[in-house]
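Q: Structure provided below as structure tokens; questions to follow.
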Amino acid sequence: WEIIVDRLELRRVMSTSRWNQLAKDMRDGELPEITDENVERFARHYMGALPEMLTEAVAEVFEWLRPRGQHIKPRYKRNSELEVPAKVVITGMVERHYTGTGFRLRGYRDQRLTALENVFTALDGRGQVNKRHRSELEDGIDATQTGIVETPYFHVRCFKNGNLHLQFRRPDLLARFNQIAGGARLRPAA
């Protein structure tokens, strides 16, 4: 099933929570026996769920990028609870390479960047441009020695304290993202 899921490129279109569930099902052997009918049913199920998966990914990325909770005030001035601003501070995302130079993602945070990149390429109408497991952001973070990464949609700066400063390069897509994700509905009435 792992090879089939890889060929269907499902990781590139799933939200983090949906991907984690599918990965768990594969690990635990919860998927049916591999037959032509089961593979076709599996593929049709996920093809039919593409719009729903994009909506899930948008909402999940929105919740990830904004501070949450009534009792937790935003620690950084840039972060807003009502909408995702043009610049965001994401804590605990990166760490120094074991060589002492450059950066890498901490733990299992790669799917979050994949979902983020997927949402913005979809909002741009480009679909799935990058046909690999890793996002351009993850590749850039692994390759940078300075801690600065540029992609068509993002400008990223990595810091030794583990923070990642993410700046959106396309304000039009960010506005659409906030509109879809529900930032306007979270704003209190005047």
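All residue names refer to the structure tokens as shown: chains lettered A, B, ... in order, residues numbered from 1 in each chain, ligands numbered from 1 in order.
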Could you list, as a list of chain:residue names, every residue within 8 Å of Val61 (chain A), counting only C-alpha atoms and ignoring same-chain residues fewer than 2 positions away?
A: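 In the requested format, the answer is A:Ala57, A:Val58, A:Ala59, A:Glu63, A:Trp64, A:Leu65, A:Arg112, A:Ala115, A:Leu116.
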Q: With a distance cut-off of 10 Å and only C-alpha atoms, select the neighbouring residues of Leu173 (chain A), excluding the residue or stretch itself and same-chain residues fewer than 5 positions from it, and output the selection as an NGL selection string.
A: :A and (119-124 or 153 or 168 or 178-179)
Q: Atoms to include: all heavy atoms. Write the selected residues as a compact mmCIF listing (two decimals), in the first residue's frame.
A:
# COMPACT_ATOMS: atom_id res chain seq x y z
N VAL A 119 -1.41 24.00 -0.15
CA VAL A 119 -2.54 24.94 -0.10
C VAL A 119 -2.27 26.15 -1.00
O VAL A 119 -3.13 26.56 -1.77
CB VAL A 119 -2.80 25.38 1.36
CG1 VAL A 119 -3.65 26.62 1.42
CG2 VAL A 119 -3.44 24.25 2.14
N PHE A 120 -1.07 26.69 -0.94
CA PHE A 120 -0.79 27.89 -1.73
C PHE A 120 -0.63 27.60 -3.22
O PHE A 120 -1.01 28.43 -4.04
CB PHE A 120 0.38 28.67 -1.13
CG PHE A 120 -0.07 29.56 -0.02
CD1 PHE A 120 -0.28 29.04 1.26
CD2 PHE A 120 -0.36 30.88 -0.24
CE1 PHE A 120 -0.75 29.84 2.28
CE2 PHE A 120 -0.84 31.69 0.78
CZ PHE A 120 -1.04 31.16 2.04
N THR A 121 -0.12 26.44 -3.59
CA THR A 121 -0.08 26.11 -5.03
C THR A 121 -1.49 25.87 -5.54
O THR A 121 -1.82 26.26 -6.66
CB THR A 121 0.81 24.89 -5.32
OG1 THR A 121 0.37 23.77 -4.57
CG2 THR A 121 2.26 25.18 -5.06
N ALA A 122 -2.35 25.27 -4.72
CA ALA A 122 -3.75 25.06 -5.12
C ALA A 122 -4.49 26.38 -5.25
O ALA A 122 -5.24 26.59 -6.20
CB ALA A 122 -4.45 24.14 -4.13
N LEU A 123 -4.27 27.30 -4.30
CA LEU A 123 -4.91 28.61 -4.37
C LEU A 123 -4.43 29.40 -5.59
O LEU A 123 -5.17 30.21 -6.13
CB LEU A 123 -4.63 29.42 -3.10
CG LEU A 123 -5.33 28.94 -1.83
CD1 LEU A 123 -4.85 29.75 -0.63
CD2 LEU A 123 -6.84 29.03 -1.97
N ASP A 124 -3.22 29.13 -6.02
CA ASP A 124 -2.66 29.80 -7.19
C ASP A 124 -3.16 29.16 -8.49
O ASP A 124 -2.88 29.65 -9.57
CB ASP A 124 -1.13 29.75 -7.13
CG ASP A 124 -0.47 30.71 -8.10
OD1 ASP A 124 -1.14 31.66 -8.57
OD2 ASP A 124 0.72 30.53 -8.39
N TYR A 153 6.37 31.32 -3.18
CA TYR A 153 5.30 31.78 -2.29
C TYR A 153 5.76 32.30 -0.94
O TYR A 153 5.01 33.01 -0.28
CB TYR A 153 4.31 30.63 -2.05
CG TYR A 153 3.71 30.12 -3.33
CD1 TYR A 153 4.07 28.88 -3.83
CD2 TYR A 153 2.79 30.87 -4.05
CE1 TYR A 153 3.53 28.41 -5.01
CE2 TYR A 153 2.25 30.41 -5.23
CZ TYR A 153 2.62 29.18 -5.71
OH TYR A 153 2.09 28.71 -6.88
N PHE A 168 4.85 35.73 3.62
CA PHE A 168 4.13 35.37 2.41
C PHE A 168 4.49 36.35 1.30
O PHE A 168 4.39 37.56 1.50
CB PHE A 168 2.62 35.36 2.65
CG PHE A 168 2.21 34.31 3.64
CD1 PHE A 168 2.14 34.60 4.99
CD2 PHE A 168 1.92 33.03 3.23
CE1 PHE A 168 1.78 33.65 5.91
CE2 PHE A 168 1.55 32.05 4.14
CZ PHE A 168 1.49 32.37 5.48
N ASN A 178 -7.04 33.58 3.80
CA ASN A 178 -7.74 34.06 5.00
C ASN A 178 -9.25 34.06 4.80
O ASN A 178 -10.01 33.75 5.71
CB ASN A 178 -7.25 35.45 5.40
CG ASN A 178 -5.97 35.40 6.19
OD1 ASN A 178 -5.79 34.56 7.05
ND2 ASN A 178 -5.08 36.31 5.90
N GLN A 179 -9.69 34.39 3.60
CA GLN A 179 -11.12 34.40 3.31
C GLN A 179 -11.69 32.99 3.38
O GLN A 179 -12.73 32.76 4.00
CB GLN A 179 -11.35 35.00 1.93
CG GLN A 179 -12.79 35.09 1.53
CD GLN A 179 -12.95 35.63 0.13
OE1 GLN A 179 -12.02 35.61 -0.68
NE2 GLN A 179 -14.14 36.10 -0.17
Q: Would you compute the distance between CA of Arg66 (chain A) and CA of Val84 (chain A)? Give it in Å to one decimal.
A: 6.1 Å
Q: Quick one: everything within 9 Å of Ala143 (chain A), counting only C-alpha atoms, minus sequence neighbours fewer than 4 positions away in the same chain. Send it as a ChimeraX atom specification.
A: /A:102-104,138-139,147,149
Q: Could you take the residues named above and write them with C-alpha atoms, as a CSV table (one decimal), in the first residue's frame?
A:
chain,number,residue,atom,x,y,z
A,102,GLY,CA,22.8,25.1,8.4
A,103,PHE,CA,19.4,24.0,9.6
A,104,ARG,CA,16.9,21.2,9.4
A,138,GLU,CA,12.0,21.7,3.5
A,139,ASP,CA,14.6,21.2,0.7
A,147,GLY,CA,19.1,30.3,7.3
A,149,VAL,CA,15.1,30.4,2.1
Q: When distances are computed from only C-alpha atoms, which of A:Lys87, A:Ala43, A:Arg170, A:Asp36 shows the smallest separation from Asp6 (chain A)?
A: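 For Asp6 (chain A), the nearest of the candidates is A:Ala43.
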Q: Quick one: residues within 6 Å of region 90-98 of chain A, only C-alpha atoms, excluding same-chain residues fewer than 5 positions away - as number ranges by chain?
A: A: 103-106, 162-164
